[in-house]
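What follows is the content of model13.pdb (PDB, N, CA and C atoms and all ligand atoms).
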```
ATOM      1  N   MET A   5    -133.011  32.345  95.490
ATOM      2  CA  MET A   5    -132.635  31.671  96.746
ATOM      3  C   MET A   5    -132.048  30.299  96.424
ATOM      4  N   LYS A   6    -130.835  30.077  96.893
ATOM      5  CA  LYS A   6    -130.205  28.786  96.641
ATOM      6  C   LYS A   6    -130.891  27.702  97.462
ATOM      7  N   ALA A   7    -131.170  26.562  96.821
ATOM      8  CA  ALA A   7    -131.742  25.429  97.534
ATOM      9  C   ALA A   7    -130.615  24.696  98.261
ATOM     10  N   ARG A   8    -130.730  24.599  99.597
ATOM     11  CA  ARG A   8    -129.698  23.935 100.390
ATOM     12  C   ARG A   8    -130.088  22.483 100.588
ATOM     13  N   LEU A   9    -129.227  21.573 100.134
ATOM     14  CA  LEU A   9    -129.516  20.145 100.274
ATOM     15  C   LEU A   9    -129.234  19.698 101.703
ATOM     16  N   VAL A  10    -130.235  19.127 102.366
ATOM     17  CA  VAL A  10    -130.096  18.625 103.731
ATOM     18  C   VAL A  10    -130.579  17.177 103.766
ATOM     19  N   THR A  11    -130.215  16.463 104.830
ATOM     20  CA  THR A  11    -130.676  15.086 104.946
ATOM     21  C   THR A  11    -132.006  15.010 105.697
ATOM     22  N   ASP A  12    -132.238  15.975 106.599
ATOM     23  CA  ASP A  12    -133.472  15.950 107.393
ATOM     24  C   ASP A  12    -134.177  17.296 107.286
ATOM     25  N   ILE A  13    -135.278  17.297 106.543
ATOM     26  CA  ILE A  13    -136.005  18.551 106.318
ATOM     27  C   ILE A  13    -136.691  19.025 107.600
ATOM     28  N   ARG A  14    -136.798  18.128 108.577
ATOM     29  CA  ARG A  14    -137.480  18.498 109.821
ATOM     30  C   ARG A  14    -136.501  18.836 110.943
ATOM     31  N   ALA A  15    -135.221  18.961 110.586
ATOM     32  CA  ALA A  15    -134.238  19.349 111.594
ATOM     33  C   ALA A  15    -134.579  20.730 112.138
ATOM     34  N   GLN A  16    -134.170  20.974 113.376
ATOM     35  CA  GLN A  16    -134.519  22.238 114.035
ATOM     36  C   GLN A  16    -133.991  23.445 113.282
ATOM     37  N   GLU A  17    -132.829  23.280 112.656
ATOM     38  CA  GLU A  17    -132.230  24.425 111.982
ATOM     39  C   GLU A  17    -132.702  24.557 110.526
ATOM     40  N   ALA A  18    -133.739  23.790 110.172
ATOM     41  CA  ALA A  18    -134.268  23.870 108.807
ATOM     42  C   ALA A  18    -134.712  25.293 108.499
ATOM     43  N   GLN A  19    -134.476  25.697 107.266
ATOM     44  CA  GLN A  19    -134.824  27.063 106.877
ATOM     45  C   GLN A  19    -135.474  27.056 105.496
ATOM     46  N   PRO A  20    -136.203  28.115 105.167
ATOM     47  CA  PRO A  20    -136.833  28.189 103.850
ATOM     48  C   PRO A  20    -135.815  27.961 102.737
ATOM     49  N   GLY A  21    -136.183  27.154 101.759
ATOM     50  CA  GLY A  21    -135.292  26.863 100.648
ATOM     51  C   GLY A  21    -134.508  25.578 100.824
ATOM     52  N   ASP A  22    -134.624  24.937 101.979
ATOM     53  CA  ASP A  22    -133.970  23.638 102.175
ATOM     54  C   ASP A  22    -134.677  22.564 101.343
ATOM     55  N   ILE A  23    -133.892  21.621 100.848
ATOM     56  CA  ILE A  23    -134.454  20.484 100.118
ATOM     57  C   ILE A  23    -133.799  19.204 100.625
ATOM     58  N   ALA A  24    -134.553  18.106 100.590
ATOM     59  CA  ALA A  24    -134.025  16.806 101.001
ATOM     60  C   ALA A  24    -134.474  15.771  99.985
ATOM     61  N   TYR A  25    -133.484  15.124  99.355
ATOM     62  CA  TYR A  25    -133.791  14.149  98.317
ATOM     63  C   TYR A  25    -134.135  12.791  98.919
ATOM     64  N   HIS A  26    -135.115  12.140  98.342
ATOM     65  CA  HIS A  26    -135.500  10.804  98.787
ATOM     66  C   HIS A  26    -135.633   9.881  97.584
ATOM     67  N   ALA A  27    -135.036   8.684  97.713
ATOM     68  CA  ALA A  27    -135.161   7.664  96.677
ATOM     69  C   ALA A  27    -135.826   6.434  97.271
ATOM     70  N   TYR A  28    -136.412   5.626  96.423
ATOM     71  CA  TYR A  28    -136.950   4.350  96.873
ATOM     72  C   TYR A  28    -135.801   3.392  97.182
ATOM     73  N   PRO A  29    -136.081   2.331  97.947
ATOM     74  CA  PRO A  29    -135.017   1.370  98.282
ATOM     75  C   PRO A  29    -134.323   0.789  97.047
ATOM     76  N   ASP A  30    -135.036   0.686  95.932
ATOM     77  CA  ASP A  30    -134.422   0.148  94.717
ATOM     78  C   ASP A  30    -133.641   1.207  93.944
ATOM     79  N   GLY A  31    -133.567   2.411  94.495
ATOM     80  CA  GLY A  31    -132.797   3.464  93.848
ATOM     81  C   GLY A  31    -133.612   4.374  92.961
ATOM     82  N   LYS A  32    -134.858   3.988  92.688
ATOM     83  CA  LYS A  32    -135.723   4.810  91.838
ATOM     84  C   LYS A  32    -135.981   6.159  92.527
ATOM     85  N   PRO A  33    -135.919   7.256  91.764
ATOM     86  CA  PRO A  33    -136.148   8.575  92.368
ATOM     87  C   PRO A  33    -137.541   8.682  92.979
ATOM     88  N   GLY A  34    -137.619   9.235  94.181
ATOM     89  CA  GLY A  34    -138.908   9.435  94.838
ATOM     90  C   GLY A  34    -139.356  10.875  94.763
ATOM     91  N   GLY A  35    -138.522  11.745  95.257
ATOM     92  CA  GLY A  35    -138.879  13.157  95.208
ATOM     93  C   GLY A  35    -138.062  13.964  96.184
ATOM     94  N   TYR A  36    -138.489  15.201  96.345
ATOM     95  CA  TYR A  36    -137.827  16.120  97.271
ATOM     96  C   TYR A  36    -138.827  16.612  98.304
ATOM     97  N   ALA A  37    -138.441  16.527  99.575
ATOM     98  CA  ALA A  37    -139.103  17.324 100.591
ATOM     99  C   ALA A  37    -138.454  18.700 100.540
ATOM    100  N   TYR A  38    -139.238  19.741 100.766
ATOM    101  CA  TYR A  38    -138.648  21.075 100.736
ATOM    102  C   TYR A  38    -139.341  21.984 101.738
ATOM    103  N   CYS A  39    -138.618  22.978 102.179
ATOM    104  CA  CYS A  39    -139.186  24.058 102.986
ATOM    105  C   CYS A  39    -139.491  25.199 102.034
ATOM    106  N   CYS A  40    -140.746  25.531 101.932
ATOM    107  CA  CYS A  40    -141.197  26.547 100.978
ATOM    108  C   CYS A  40    -140.376  27.832 101.120
ATOM    109  N   PRO A  41    -139.851  28.340  99.988
ATOM    110  CA  PRO A  41    -139.079  29.586 100.040
ATOM    111  C   PRO A  41    -139.910  30.762 100.530
ATOM    112  N   GLY A  42    -141.232  30.657 100.380
ATOM    113  CA  GLY A  42    -142.092  31.773 100.773
ATOM    114  C   GLY A  42    -142.431  31.766 102.257
ATOM    115  N   CYS A  43    -142.842  30.606 102.771
ATOM    116  CA  CYS A  43    -143.380  30.566 104.138
ATOM    117  C   CYS A  43    -142.641  29.596 105.053
ATOM    118  N   GLY A  44    -141.759  28.779 104.506
ATOM    119  CA  GLY A  44    -140.976  27.870 105.329
ATOM    120  C   GLY A  44    -141.658  26.571 105.683
ATOM    121  N   GLN A  45    -142.919  26.426 105.308
ATOM    122  CA  GLN A  45    -143.617  25.169 105.583
ATOM    123  C   GLN A  45    -143.027  24.038 104.756
ATOM    124  N   GLU A  46    -143.071  22.842 105.334
ATOM    125  CA  GLU A  46    -142.588  21.659 104.624
ATOM    126  C   GLU A  46    -143.634  21.163 103.635
ATOM    127  N   ASP A  47    -143.174  20.774 102.456
ATOM    128  CA  ASP A  47    -144.061  20.136 101.489
ATOM    129  C   ASP A  47    -143.243  19.145 100.670
ATOM    130  N   TRP A  48    -143.869  18.529  99.703
ATOM    131  CA  TRP A  48    -143.276  17.413  98.996
ATOM    132  C   TRP A  48    -143.451  17.573  97.497
ATOM    133  N   LEU A  49    -142.373  17.257  96.764
ATOM    134  CA  LEU A  49    -142.410  17.294  95.303
ATOM    135  C   LEU A  49    -142.124  15.890  94.789
ATOM    136  N   ASN A  50    -143.103  15.290  94.167
ATOM    137  CA  ASN A  50    -143.003  13.928  93.687
ATOM    138  C   ASN A  50    -142.350  13.898  92.308
ATOM    139  N   ILE A  51    -141.320  13.064  92.158
ATOM    140  CA  ILE A  51    -140.643  12.971  90.863
ATOM    141  C   ILE A  51    -141.202  11.791  90.072
ATOM    142  N   ASP A  52    -141.635  12.053  88.852
ATOM    143  CA  ASP A  52    -141.929  10.964  87.919
ATOM    144  C   ASP A  52    -141.632  11.474  86.507
ATOM    145  N   ASP A  53    -142.316  10.935  85.528
ATOM    146  CA  ASP A  53    -142.029  11.370  84.160
ATOM    147  C   ASP A  53    -142.771  12.661  83.797
ATOM    148  N   GLY A  54    -143.370  13.303  84.789
ATOM    149  CA  GLY A  54    -144.102  14.532  84.533
ATOM    150  C   GLY A  54    -145.600  14.312  84.412
ATOM    151  N   THR A  55    -146.031  13.055  84.485
ATOM    152  CA  THR A  55    -147.458  12.753  84.335
ATOM    153  C   THR A  55    -148.247  13.245  85.541
ATOM    154  N   HIS A  56    -147.784  12.852  86.728
ATOM    155  CA  HIS A  56    -148.472  13.267  87.958
ATOM    156  C   HIS A  56    -147.584  14.146  88.833
ATOM    157  N   GLY A  57    -146.315  14.089  88.606
ATOM    158  CA  GLY A  57    -145.383  14.847  89.434
ATOM    159  C   GLY A  57    -144.514  15.741  88.571
ATOM    160  N   TRP A  58    -143.269  15.863  89.000
ATOM    161  CA  TRP A  58    -142.333  16.753  88.307
ATOM    162  C   TRP A  58    -141.273  15.923  87.579
ATOM    163  N   THR A  59    -140.796  16.447  86.488
ATOM    164  CA  THR A  59    -139.621  15.854  85.857
ATOM    165  C   THR A  59    -138.389  16.383  86.580
ATOM    166  N   TRP A  60    -137.318  15.610  86.512
ATOM    167  CA  TRP A  60    -136.111  15.919  87.275
ATOM    168  C   TRP A  60    -134.902  15.746  86.381
ATOM    169  N   ASN A  61    -133.883  16.609  86.555
ATOM    170  CA  ASN A  61    -132.688  16.526  85.714
ATOM    171  C   ASN A  61    -131.684  15.484  86.202
ATOM    172  N   GLY A  62    -131.992  14.810  87.332
ATOM    173  CA  GLY A  62    -131.118  13.751  87.814
ATOM    174  C   GLY A  62    -129.968  14.237  88.671
ATOM    175  N   ASN A  63    -129.873  15.522  88.897
ATOM    176  CA  ASN A  63    -128.797  16.093  89.707
ATOM    177  C   ASN A  63    -129.316  16.298  91.133
ATOM    178  N   VAL A  64    -128.855  15.472  92.075
ATOM    179  CA  VAL A  64    -129.361  15.515  93.446
ATOM    180  C   VAL A  64    -129.095  16.875  94.087
ATOM    181  N   GLU A  65    -127.882  17.416  93.897
ATOM    182  CA  GLU A  65    -127.486  18.647  94.581
ATOM    183  C   GLU A  65    -127.942  19.913  93.871
ATOM    184  N   ALA A  66    -128.108  19.839  92.575
ATOM    185  CA  ALA A  66    -128.538  21.021  91.814
ATOM    186  C   ALA A  66    -129.706  20.646  90.911
ATOM    187  N   PRO A  67    -130.849  20.337  91.550
ATOM    188  CA  PRO A  67    -131.969  19.822  90.765
ATOM    189  C   PRO A  67    -132.664  20.896  89.923
ATOM    190  N   THR A  68    -133.128  20.454  88.771
ATOM    191  CA  THR A  68    -134.086  21.233  87.991
ATOM    192  C   THR A  68    -135.367  20.423  87.938
ATOM    193  N   LEU A  69    -136.458  20.996  88.399
ATOM    194  CA  LEU A  69    -137.759  20.333  88.367
ATOM    195  C   LEU A  69    -138.698  21.135  87.479
ATOM    196  N   ARG A  70    -139.479  20.425  86.715
ATOM    197  CA  ARG A  70    -140.491  21.070  85.889
ATOM    198  C   ARG A  70    -141.789  20.288  85.985
ATOM    199  N   PRO A  71    -142.973  20.889  85.934
ATOM    200  CA  PRO A  71    -143.171  22.327  85.703
ATOM    201  C   PRO A  71    -142.892  23.165  86.954
ATOM    202  N   SER A  72    -143.487  24.333  87.033
ATOM    203  CA  SER A  72    -143.260  25.238  88.156
ATOM    204  C   SER A  72    -143.872  24.684  89.435
ATOM    205  N   ILE A  73    -143.505  25.295  90.548
ATOM    206  CA  ILE A  73    -143.969  24.875  91.866
ATOM    207  C   ILE A  73    -144.928  25.940  92.405
ATOM    208  N   LEU A  74    -146.095  25.488  92.845
ATOM    209  CA  LEU A  74    -147.039  26.399  93.498
ATOM    210  C   LEU A  74    -147.308  25.881  94.900
ATOM    211  N   HIS A  75    -146.955  26.684  95.901
ATOM    212  CA  HIS A  75    -147.271  26.303  97.273
ATOM    213  C   HIS A  75    -148.583  26.968  97.658
ATOM    214  N   ARG A  76    -149.627  26.144  97.771
ATOM    215  CA  ARG A  76    -150.966  26.713  97.905
ATOM    216  C   ARG A  76    -151.193  27.407  99.244
ATOM    217  N   SER A  77    -150.481  26.982 100.280
ATOM    218  CA  SER A  77    -150.696  27.596 101.600
ATOM    219  C   SER A  77    -150.378  29.088 101.594
ATOM    220  N   CYS A  78    -149.343  29.481 100.837
ATOM    221  CA  CYS A  78    -148.932  30.891 100.859
ATOM    222  C   CYS A  78    -148.926  31.500  99.462
ATOM    223  N   ASN A  79    -149.264  30.674  98.451
ATOM    224  CA  ASN A  79    -149.290  31.126  97.056
ATOM    225  C   ASN A  79    -147.910  31.479  96.504
ATOM    226  N   TRP A  80    -146.834  30.950  97.160
ATOM    227  CA  TRP A  80    -145.515  31.116  96.533
ATOM    228  C   TRP A  80    -145.502  30.325  95.231
ATOM    229  N   HIS A  81    -145.068  30.949  94.158
ATOM    230  CA  HIS A  81    -145.032  30.302  92.852
ATOM    231  C   HIS A  81    -143.694  30.598  92.202
ATOM    232  N   GLY A  82    -143.049  29.552  91.749
ATOM    233  CA  GLY A  82    -141.762  29.786  91.112
ATOM    234  C   GLY A  82    -141.179  28.490  90.573
ATOM    235  N   TYR A  83    -139.908  28.557  90.237
ATOM    236  CA  TYR A  83    -139.213  27.430  89.636
ATOM    237  C   TYR A  83    -138.024  27.009  90.484
ATOM    238  N   LEU A  84    -137.699  25.723  90.390
ATOM    239  CA  LEU A  84    -136.451  25.214  90.932
ATOM    240  C   LEU A  84    -135.584  24.819  89.732
ATOM    241  N   THR A  85    -134.513  25.573  89.529
ATOM    242  CA  THR A  85    -133.668  25.389  88.355
ATOM    243  C   THR A  85    -132.204  25.358  88.794
ATOM    244  N   ASP A  86    -131.515  24.255  88.460
ATOM    245  CA  ASP A  86    -130.086  24.111  88.805
ATOM    246  C   ASP A  86    -129.822  24.438  90.273
ATOM    247  N   GLY A  87    -130.719  23.980  91.134
ATOM    248  CA  GLY A  87    -130.534  24.167  92.577
ATOM    249  C   GLY A  87    -130.858  25.552  93.086
ATOM    250  N   GLU A  88    -131.618  26.303  92.344
ATOM    251  CA  GLU A  88    -131.963  27.674  92.716
ATOM    252  C   GLU A  88    -133.476  27.871  92.617
ATOM    253  N   PHE A  89    -134.077  28.354  93.739
ATOM    254  CA  PHE A  89    -135.490  28.716  93.704
ATOM    255  C   PHE A  89    -135.628  30.135  93.173
ATOM    256  N   SER A  90    -136.469  30.317  92.170
ATOM    257  CA  SER A  90    -136.712  31.668  91.684
ATOM    258  C   SER A  90    -138.209  31.897  91.550
ATOM    259  N   PRO A  91    -138.730  32.916  92.227
ATOM    260  CA  PRO A  91    -140.156  33.215  92.143
ATOM    261  C   PRO A  91    -140.527  33.748  90.767
ATOM    262  N   CYS A  92    -141.773  33.622  90.427
ATOM    263  CA  CYS A  92    -142.213  34.194  89.145
ATOM    264  C   CYS A  92    -143.562  34.877  89.311
TER     265      CYS A  92
HETATM  266 ZN    ZN B 101    -145.346  28.512 101.214
END
```
Would you write out, as structure tokens, the structure that this file holds?
Ligand SMILES: [Zn+2]
Amino acid sequence: MKARLVTDIRAQEAQPGDIAYHAYPDGKPGGYAYCCPGCGQEDWLNIDDGTHGWTWNGNVEAPTLRPSILHRSCNWHGYLTDGEFSPC
């Protein structure tokens, strides 16, 4: 499922697989809000050096985040690689 970059993850037309990038005012990467590819619920992926959050490839439109993503509400588990959600 291709991750669609949107500005407002809470827009009415939001759909599973949507992502919205957020940076701090100083430009430092913050993370991505996303609509879970499995259940459509909104959640948040925090970007850092991988210590507490996810590492990021720096590409806003085609992000690669590591490690994998687990959405606990529905148990969707997979990867976001080059802007593509893939379950595993
Ligand atoms: Zn989910």
task = Could you pull out the residues sitting within 7 Å of ligand ZN 101 (chain B), using only N, CA and C atoms and all ligand atoms, and write them as a ChimeraX atom specification?
result = /A:39-45,75-80
Assuming 3 Å of padding per side, give the centre and edge lengths of the axis-aligned box around every listed atom of stretch 72-84 of chain A, in Å to one decimal and as JSON.
```
{"center_x": -143.4, "center_y": 27.9, "center_z": 94.3, "size_x": 21.6, "size_y": 13.2, "size_z": 20.6}
```
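The smallest atom-to-atom distance between A:Asp86 and any of A:Gln19, A:Glu65, A:Thr55, A:Ser72, using only N, CA and C atoms, is found for A:Glu65.
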As a PDB file with N, CA and C atoms, in the frame of the given file, please: every residue in chain A that a backbone DSSP assignment puts in strand (DSSP E or B).
```pdb
ATOM      1  N   LYS A   6    -130.835  30.077  96.893  1.00  0.00           N
ATOM      2  CA  LYS A   6    -130.205  28.786  96.641  1.00  0.00           C
ATOM      3  C   LYS A   6    -130.891  27.702  97.462  1.00  0.00           C
ATOM      4  N   ARG A   8    -130.730  24.599  99.597  1.00  0.00           N
ATOM      5  CA  ARG A   8    -129.698  23.935 100.390  1.00  0.00           C
ATOM      6  C   ARG A   8    -130.088  22.483 100.588  1.00  0.00           C
ATOM      7  N   LEU A   9    -129.227  21.573 100.134  1.00  0.00           N
ATOM      8  CA  LEU A   9    -129.516  20.145 100.274  1.00  0.00           C
ATOM      9  C   LEU A   9    -129.234  19.698 101.703  1.00  0.00           C
ATOM     10  N   ASP A  22    -134.624  24.937 101.979  1.00  0.00           N
ATOM     11  CA  ASP A  22    -133.970  23.638 102.175  1.00  0.00           C
ATOM     12  C   ASP A  22    -134.677  22.564 101.343  1.00  0.00           C
ATOM     13  N   ILE A  23    -133.892  21.621 100.848  1.00  0.00           N
ATOM     14  CA  ILE A  23    -134.454  20.484 100.118  1.00  0.00           C
ATOM     15  C   ILE A  23    -133.799  19.204 100.625  1.00  0.00           C
ATOM     16  N   ALA A  24    -134.553  18.106 100.590  1.00  0.00           N
ATOM     17  CA  ALA A  24    -134.025  16.806 101.001  1.00  0.00           C
ATOM     18  C   ALA A  24    -134.474  15.771  99.985  1.00  0.00           C
ATOM     19  N   TYR A  25    -133.484  15.124  99.355  1.00  0.00           N
ATOM     20  CA  TYR A  25    -133.791  14.149  98.317  1.00  0.00           C
ATOM     21  C   TYR A  25    -134.135  12.791  98.919  1.00  0.00           C
ATOM     22  N   HIS A  26    -135.115  12.140  98.342  1.00  0.00           N
ATOM     23  CA  HIS A  26    -135.500  10.804  98.787  1.00  0.00           C
ATOM     24  C   HIS A  26    -135.633   9.881  97.584  1.00  0.00           C
ATOM     25  N   ALA A  27    -135.036   8.684  97.713  1.00  0.00           N
ATOM     26  CA  ALA A  27    -135.161   7.664  96.677  1.00  0.00           C
ATOM     27  C   ALA A  27    -135.826   6.434  97.271  1.00  0.00           C
ATOM     28  N   PRO A  33    -135.919   7.256  91.764  1.00  0.00           N
ATOM     29  CA  PRO A  33    -136.148   8.575  92.368  1.00  0.00           C
ATOM     30  C   PRO A  33    -137.541   8.682  92.979  1.00  0.00           C
ATOM     31  N   GLY A  34    -137.619   9.235  94.181  1.00  0.00           N
ATOM     32  CA  GLY A  34    -138.908   9.435  94.838  1.00  0.00           C
ATOM     33  C   GLY A  34    -139.356  10.875  94.763  1.00  0.00           C
ATOM     34  N   GLY A  35    -138.522  11.745  95.257  1.00  0.00           N
ATOM     35  CA  GLY A  35    -138.879  13.157  95.208  1.00  0.00           C
ATOM     36  C   GLY A  35    -138.062  13.964  96.184  1.00  0.00           C
ATOM     37  N   TYR A  36    -138.489  15.201  96.345  1.00  0.00           N
ATOM     38  CA  TYR A  36    -137.827  16.120  97.271  1.00  0.00           C
ATOM     39  C   TYR A  36    -138.827  16.612  98.304  1.00  0.00           C
ATOM     40  N   ALA A  37    -138.441  16.527  99.575  1.00  0.00           N
ATOM     41  CA  ALA A  37    -139.103  17.324 100.591  1.00  0.00           C
ATOM     42  C   ALA A  37    -138.454  18.700 100.540  1.00  0.00           C
ATOM     43  N   TYR A  38    -139.238  19.741 100.766  1.00  0.00           N
ATOM     44  CA  TYR A  38    -138.648  21.075 100.736  1.00  0.00           C
ATOM     45  C   TYR A  38    -139.341  21.984 101.738  1.00  0.00           C
ATOM     46  N   CYS A  39    -138.618  22.978 102.179  1.00  0.00           N
ATOM     47  CA  CYS A  39    -139.186  24.058 102.986  1.00  0.00           C
ATOM     48  C   CYS A  39    -139.491  25.199 102.034  1.00  0.00           C
ATOM     49  N   GLU A  46    -143.071  22.842 105.334  1.00  0.00           N
ATOM     50  CA  GLU A  46    -142.588  21.659 104.624  1.00  0.00           C
ATOM     51  C   GLU A  46    -143.634  21.163 103.635  1.00  0.00           C
ATOM     52  N   ASP A  47    -143.174  20.774 102.456  1.00  0.00           N
ATOM     53  CA  ASP A  47    -144.061  20.136 101.489  1.00  0.00           C
ATOM     54  C   ASP A  47    -143.243  19.145 100.670  1.00  0.00           C
ATOM     55  N   TRP A  48    -143.869  18.529  99.703  1.00  0.00           N
ATOM     56  CA  TRP A  48    -143.276  17.413  98.996  1.00  0.00           C
ATOM     57  C   TRP A  48    -143.451  17.573  97.497  1.00  0.00           C
ATOM     58  N   LEU A  49    -142.373  17.257  96.764  1.00  0.00           N
ATOM     59  CA  LEU A  49    -142.410  17.294  95.303  1.00  0.00           C
ATOM     60  C   LEU A  49    -142.124  15.890  94.789  1.00  0.00           C
ATOM     61  N   ASN A  50    -143.103  15.290  94.167  1.00  0.00           N
ATOM     62  CA  ASN A  50    -143.003  13.928  93.687  1.00  0.00           C
ATOM     63  C   ASN A  50    -142.350  13.898  92.308  1.00  0.00           C
ATOM     64  N   ILE A  51    -141.320  13.064  92.158  1.00  0.00           N
ATOM     65  CA  ILE A  51    -140.643  12.971  90.863  1.00  0.00           C
ATOM     66  C   ILE A  51    -141.202  11.791  90.072  1.00  0.00           C
ATOM     67  N   TRP A  58    -143.269  15.863  89.000  1.00  0.00           N
ATOM     68  CA  TRP A  58    -142.333  16.753  88.307  1.00  0.00           C
ATOM     69  C   TRP A  58    -141.273  15.923  87.579  1.00  0.00           C
ATOM     70  N   THR A  59    -140.796  16.447  86.488  1.00  0.00           N
ATOM     71  CA  THR A  59    -139.621  15.854  85.857  1.00  0.00           C
ATOM     72  C   THR A  59    -138.389  16.383  86.580  1.00  0.00           C
ATOM     73  N   TRP A  60    -137.318  15.610  86.512  1.00  0.00           N
ATOM     74  CA  TRP A  60    -136.111  15.919  87.275  1.00  0.00           C
ATOM     75  C   TRP A  60    -134.902  15.746  86.381  1.00  0.00           C
ATOM     76  N   LEU A  69    -136.458  20.996  88.399  1.00  0.00           N
ATOM     77  CA  LEU A  69    -137.759  20.333  88.367  1.00  0.00           C
ATOM     78  C   LEU A  69    -138.698  21.135  87.479  1.00  0.00           C
ATOM     79  N   ARG A  70    -139.479  20.425  86.715  1.00  0.00           N
ATOM     80  CA  ARG A  70    -140.491  21.070  85.889  1.00  0.00           C
ATOM     81  C   ARG A  70    -141.789  20.288  85.985  1.00  0.00           C
ATOM     82  N   PRO A  71    -142.973  20.889  85.934  1.00  0.00           N
ATOM     83  CA  PRO A  71    -143.171  22.327  85.703  1.00  0.00           C
ATOM     84  C   PRO A  71    -142.892  23.165  86.954  1.00  0.00           C
ATOM     85  N   SER A  72    -143.487  24.333  87.033  1.00  0.00           N
ATOM     86  CA  SER A  72    -143.260  25.238  88.156  1.00  0.00           C
ATOM     87  C   SER A  72    -143.872  24.684  89.435  1.00  0.00           C
ATOM     88  N   ILE A  73    -143.505  25.295  90.548  1.00  0.00           N
ATOM     89  CA  ILE A  73    -143.969  24.875  91.866  1.00  0.00           C
ATOM     90  C   ILE A  73    -144.928  25.940  92.405  1.00  0.00           C
ATOM     91  N   LEU A  74    -146.095  25.488  92.845  1.00  0.00           N
ATOM     92  CA  LEU A  74    -147.039  26.399  93.498  1.00  0.00           C
ATOM     93  C   LEU A  74    -147.308  25.881  94.900  1.00  0.00           C
ATOM     94  N   HIS A  75    -146.955  26.684  95.901  1.00  0.00           N
ATOM     95  CA  HIS A  75    -147.271  26.303  97.273  1.00  0.00           C
ATOM     96  C   HIS A  75    -148.583  26.968  97.658  1.00  0.00           C
ATOM     97  N   TRP A  80    -146.834  30.950  97.160  1.00  0.00           N
ATOM     98  CA  TRP A  80    -145.515  31.116  96.533  1.00  0.00           C
ATOM     99  C   TRP A  80    -145.502  30.325  95.231  1.00  0.00           C
ATOM    100  N   HIS A  81    -145.068  30.949  94.158  1.00  0.00           N
ATOM    101  CA  HIS A  81    -145.032  30.302  92.852  1.00  0.00           C
ATOM    102  C   HIS A  81    -143.694  30.598  92.202  1.00  0.00           C
ATOM    103  N   GLY A  82    -143.049  29.552  91.749  1.00  0.00           N
ATOM    104  CA  GLY A  82    -141.762  29.786  91.112  1.00  0.00           C
ATOM    105  C   GLY A  82    -141.179  28.490  90.573  1.00  0.00           C
ATOM    106  N   TYR A  83    -139.908  28.557  90.237  1.00  0.00           N
ATOM    107  CA  TYR A  83    -139.213  27.430  89.636  1.00  0.00           C
ATOM    108  C   TYR A  83    -138.024  27.009  90.484  1.00  0.00           C
ATOM    109  N   LEU A  84    -137.699  25.723  90.390  1.00  0.00           N
ATOM    110  CA  LEU A  84    -136.451  25.214  90.932  1.00  0.00           C
ATOM    111  C   LEU A  84    -135.584  24.819  89.732  1.00  0.00           C
ATOM    112  N   THR A  85    -134.513  25.573  89.529  1.00  0.00           N
ATOM    113  CA  THR A  85    -133.668  25.389  88.355  1.00  0.00           C
ATOM    114  C   THR A  85    -132.204  25.358  88.794  1.00  0.00           C
ATOM    115  N   GLU A  88    -131.618  26.303  92.344  1.00  0.00           N
ATOM    116  CA  GLU A  88    -131.963  27.674  92.716  1.00  0.00           C
ATOM    117  C   GLU A  88    -133.476  27.871  92.617  1.00  0.00           C
ATOM    118  N   PHE A  89    -134.077  28.354  93.739  1.00  0.00           N
ATOM    119  CA  PHE A  89    -135.490  28.716  93.704  1.00  0.00           C
ATOM    120  C   PHE A  89    -135.628  30.135  93.173  1.00  0.00           C
ATOM    121  N   SER A  90    -136.469  30.317  92.170  1.00  0.00           N
ATOM    122  CA  SER A  90    -136.712  31.668  91.684  1.00  0.00           C
ATOM    123  C   SER A  90    -138.209  31.897  91.550  1.00  0.00           C
ATOM    124  N   PRO A  91    -138.730  32.916  92.227  1.00  0.00           N
ATOM    125  CA  PRO A  91    -140.156  33.215  92.143  1.00  0.00           C
ATOM    126  C   PRO A  91    -140.527  33.748  90.767  1.00  0.00           C
TER     127      PRO A  91
END
```
remark   = A straight line from atom CA of A:Met5 to atom CA of A:Pro71 spans 17.9 Å
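Interatomic distance, atom N of A:Ile73 against atom N of A:Glu17: 24.6 Å.
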request  = Give me the residues within 6 Å of stretch 6-8 of chain A as an NGL selection string, counting only C-alpha atoms and dropping any in the same chain fewer than 3 places off.
outcome  = :A and (21-23 or 87-88)
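The gap separating atom C of A:Pro91 from atom CA of A:Asn63 is 21.2 Å, in Å to one decimal.
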Spatial neighbours of stretch 51-54 of chain A, 8 Å, all atoms listed in the file, chain gap at least 4 places, as a list in words = Pro33, Gly34, Gly35, Tyr36, Trp58, Thr59, Trp60, Arg70 and Pro71 of chain A
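Here the question is which of A:Val64, A:His56, A:Glu46, A:Cys92 gets nearest to A:His26 using only C-alpha atoms, and that residue is A:Val64.
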